[in-house]
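**Q** Before I ask anything, here is the structure I am working with.
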Amino acid sequence: MPVPDYQTLMLPVLRLFAAGKTNISECLDDLKREFDISDEEAEELLPSGKMTYLGNRAHWARTYLGKAGLLQSPRRGFHEITELGRDFLATHPKELNNKVLEQFDAFAEWRSTQSATDSDIETPLPKGSDQSDQTPEDAIQEASQILNRTLRDDLLTELLRVSPARFEQLILDVLSAMGFGGGKLSNKTLTPISGDGGIDGVINEDALGLDAVYIQAKRYAPENKVGRPDIQRFVGSLTGESATKGVFVTTSDFSREAHEYVQRVQQRIVLLNGQRLAQLMIEHNVGVRTQSTVVIKKLDDDYFTSD
């Protein structure tokens with residue numbers, strides 16, 4: 001039979017991880033047998049030619065299960081069922097799809113976030129989508145938002161895994177890609193890991209080095225927000241350097257008090273949370289690469305206009 005859609009694969013994939021599978025590749029043969037998928041059907045590739053329909057749809061099933069908290073990924077390429085996932089299977093569910101996943105707070109929150117663009121994965125229909133009531137442009141836009149949101153989450157997971165020094169260097173790479181320092185490596189520097197006085201890096205605002213931007217980077221878990229005391233210490237470091245501009249970056253977010261405080265200080269300070277940092281990495285191609293491009297063409301009216 002043809003390869004089922006990703007929602008149909010959700011429950012079988014969850015059961016396979018409950019049985020001890022640790023990645024999607026290990027699940028594919030079992031899925032072929034369960035759905036009587038022929039070798040030819042299983043090997044059919046997406047239009048990009050880089051992934052099979054079966055692998056792609058099983059991947060998306062795993063991704064959505066992870067967003068609901070039924071699966072977790074303690075390290076890259078390794079996935080396991082959570083206690084929540086086992087509890088769900090213990091209810092002997094007859095179906096599992098996006099509508100069922102909406103009962104889980106983590107999934108509902110993930111679906112409600114905003115985003116935009118990029119990746120090479122066949123896209124499942126977004127929430128509330130119906131091919132009959134969407135224009136092609138609407139479908140592409142919604143698909144792009146889902147892909148981009150998933151990529152941002154993947155980037156944040158990787159940011160929490162890199163070393164402190166690598167994270168600080170990454171921040172400088174992002175700012176350099178944005179045009180600070182004229183994009184020259186010589187115009188960005190890291191301060192020592194210890195004894196840095198609350199400053200992790202310095203990057204020139206322009207190619208001539210007429211002004212400098214000082215950087216503080218904190219890798220915090222999502223639930224650990226940066227508060228006003230952290231920002232106050234950063235401001236003190238800027239004052240000690242007679243600096244007027246700073247960027248405070250975190251993988252989590254900032255408290256309301258932190259946002260209010262930066263509005264009152266003399267220095268110009270920009271606060272970048274994890275979601276915004278990940279989006280900047282996508283926009284400026286830091287830590288990501290383009291795998292495929294969709295070109296949409298329209299009729300050239302001028303070509304057919306009579307003289």
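All residue names refer to the structure tokens as shown: chains lettered A, B, ... in order, residues numbered from 1 in each chain, ligands numbered from 1 in order.
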Leaving out Met281 of chain A and any residue of its chain fewer than 6 positions from it, which residues lie within 10 Å of it when counting only C-alpha atoms, given as a PyMOL selection string?

**A** chain A and resi 152+155+170-171+173-175+177-178+275+287-288

**Q** Can I get the residues of segment 71-94 of chain A within 12 Å of segment 26-47 of chain A, each with the closest pair of atoms and their distance in Å to one decimal, using only C-alpha atoms, sorted chain first then ascending number, as a tab-separated table?

**A**
```
residue	atom	partner	partner_atom	distance
A:Gly77	CA	A:Glu26	CA	11.3
A:Phe78	CA	A:Glu26	CA	10.9
A:His79	CA	A:Glu26	CA	11.1
```

**Q** Can you list, as a list in words, every protein, DNA or RNA residue that comes within 8 Å of Ala61 of chain A when you count only C-alpha atoms, leaving out same-chain residues fewer than 4 positions away?

**A** Tyr6, Gln7, Leu9, Met10, Val13, Arg57 and Leu65 of chain A

**Q** How would the residues just picked look written out with C-alpha atoms as a tab-separated table (two decimals), in the first residue's frame?

**A**
```
chain	number	residue	atom	x	y	z
A	6	TYR	CA	2.71	11.23	9.07
A	7	GLN	CA	-0.27	11.36	11.45
A	9	LEU	CA	2.46	6.83	11.57
A	10	MET	CA	2.41	8.57	14.96
A	13	VAL	CA	6.22	5.08	15.84
A	57	ARG	CA	6.87	11.05	7.25
A	65	LEU	CA	5.57	13.27	19.31
```

**Q** For Asn97 of chain A, which residue out of A:Thr157, A:Thr8, A:Ser112, A:Gln232 is the nearest one, using only C-alpha atoms?

**A** A:Thr8

**Q** Would you mind telling me which residue in A:Val3, A:Leu172, A:Ile282, A:Ala18 lies nearest to Asp154 of chain A when using only C-alpha atoms?

**A**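 For Asp154 of chain A, the nearest of the candidates is A:Ile282.
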
**Q** For the structure I just gave you, how does DSSP split segment 142-277 of chain A - specifically, which residues are strand (DSSP E or B)? Reply as a ChimeraX atom specification.

**A** /A:188-190,201-204,212-218,226,245-250,254,268-272

**Q** Between A:Glu205, A:Glu95, A:Asp87, A:Glu168, which has the minimum distance to Val249 of chain A (counting only C-alpha atoms)?

**A**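 For Val249 of chain A, the nearest of the candidates is A:Glu168.
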
**Q** Write out as a VMD selection string which residues come within 12 Å of Ala90 of chain A when counting only C-alpha atoms, dropping same-chain ones fewer than 6 positions away.

**A** chain A and resid 14 to 15 18 83 to 84

**Q** Report as a list in words all protein, DNA and RNA residues lying within 12 Å of Asp5 of chain A, evaluated on only C-alpha atoms, omitting residues in the same chain fewer than 4 positions from it.

**A**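 Once the adjacent positions are removed, what remains is Met1, Leu9, Met10, Leu11, Phe35, Tyr53, Leu54, Gly55, Asn56, Arg57, Ala58, His59, Trp60, Ala61, Asn97, Asn98, Glu122, Thr123, Pro124 and Leu125 of chain A.
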
**Q** Restricting the calculation to only C-alpha atoms, which member of A:Ile215, A:Ala278, A:Ile140, A:Met51 is positioned closest to Phe248 of chain A?

**A**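 Between A:Ile215, A:Ala278, A:Ile140, A:Met51, the residue approaching Phe248 of chain A most closely is A:Ile215.
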
**Q** Find, counting only C-alpha atoms, the residue in A:Asp153, A:Asp200, A:Glu109, A:Glu142 that gets nearest to Thr63 of chain A.

**A** A:Asp153

**Q** Just the number, please: distance in Å from atom CA of Asp230 of chain A to atom CA of Ser242 of chain A, one decimal.

**A** 18.6 Å

**Q** Give the answer as one residue: which of A:Lys218, A:Asp211, A:Phe17, A:Pro93 has the shortest atom-to-atom distance to Gln72 of chain A, using only C-alpha atoms?

**A**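 For Gln72 of chain A, the nearest of the candidates is A:Phe17.
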
**Q** How close does segment 144-255 of chain A get to segment 265-272 of chain A? List, as JSON lines, each residue of segment 144-255 of chain A within 10 Å, its nearest atom pair and the distance in Å to one decimal, counting only C-alpha atoms.

**A**
```
{"residue": "A:Val213", "atom": "CA", "partner": "A:Ile269", "partner_atom": "CA", "distance": 9.4}
{"residue": "A:Tyr214", "atom": "CA", "partner": "A:Ile269", "partner_atom": "CA", "distance": 9.3}
{"residue": "A:Ile215", "atom": "CA", "partner": "A:Ile269", "partner_atom": "CA", "distance": 9.6}
{"residue": "A:Gln216", "atom": "CA", "partner": "A:Leu271", "partner_atom": "CA", "distance": 9.9}
{"residue": "A:Ala217", "atom": "CA", "partner": "A:Leu272", "partner_atom": "CA", "distance": 9.5}
{"residue": "A:Val226", "atom": "CA", "partner": "A:Leu271", "partner_atom": "CA", "distance": 9.9}
{"residue": "A:Ile231", "atom": "CA", "partner": "A:Ile269", "partner_atom": "CA", "distance": 9.3}
{"residue": "A:Gln232", "atom": "CA", "partner": "A:Val265", "partner_atom": "CA", "distance": 9.4}
{"residue": "A:Phe234", "atom": "CA", "partner": "A:Ile269", "partner_atom": "CA", "distance": 9.6}
{"residue": "A:Val235", "atom": "CA", "partner": "A:Gln267", "partner_atom": "CA", "distance": 7.5}
{"residue": "A:Leu238", "atom": "CA", "partner": "A:Gln267", "partner_atom": "CA", "distance": 8.0}
{"residue": "A:Thr239", "atom": "CA", "partner": "A:Gln267", "partner_atom": "CA", "distance": 8.4}
{"residue": "A:Ser242", "atom": "CA", "partner": "A:Gln267", "partner_atom": "CA", "distance": 9.8}
{"residue": "A:Ala243", "atom": "CA", "partner": "A:Gln267", "partner_atom": "CA", "distance": 7.6}
{"residue": "A:Thr244", "atom": "CA", "partner": "A:Gln267", "partner_atom": "CA", "distance": 4.7}
{"residue": "A:Lys245", "atom": "CA", "partner": "A:Arg268", "partner_atom": "CA", "distance": 4.9}
{"residue": "A:Gly246", "atom": "CA", "partner": "A:Ile269", "partner_atom": "CA", "distance": 4.7}
{"residue": "A:Val247", "atom": "CA", "partner": "A:Val270", "partner_atom": "CA", "distance": 4.8}
{"residue": "A:Phe248", "atom": "CA", "partner": "A:Leu271", "partner_atom": "CA", "distance": 5.0}
{"residue": "A:Val249", "atom": "CA", "partner": "A:Leu272", "partner_atom": "CA", "distance": 4.7}
{"residue": "A:Thr250", "atom": "CA", "partner": "A:Leu272", "partner_atom": "CA", "distance": 6.4}
{"residue": "A:Thr251", "atom": "CA", "partner": "A:Leu272", "partner_atom": "CA", "distance": 8.5}
{"residue": "A:Ser252", "atom": "CA", "partner": "A:Leu272", "partner_atom": "CA", "distance": 9.2}
{"residue": "A:Asp253", "atom": "CA", "partner": "A:Leu272", "partner_atom": "CA", "distance": 7.9}
{"residue": "A:Phe254", "atom": "CA", "partner": "A:Leu271", "partner_atom": "CA", "distance": 7.7}
```

**Q** Would you please extract all alpha helix (DSSP H) residues from segment 70-303 of chain A, as assigned by DSSP on the backbone, and give them as a ChimeraX atom specification?

**A** /A:83-89,98-101,105-112,136-159,164-177,228-240,256-262,274-283,301-303

**Q** State, in Å with one decimal place, the distance from atom CA of Val100 of chain A to atom CA of Ser25 of chain A.

**A**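 For atom CA of Val100 of chain A relative to atom CA of Ser25 of chain A, the distance reads 25.1 Å.
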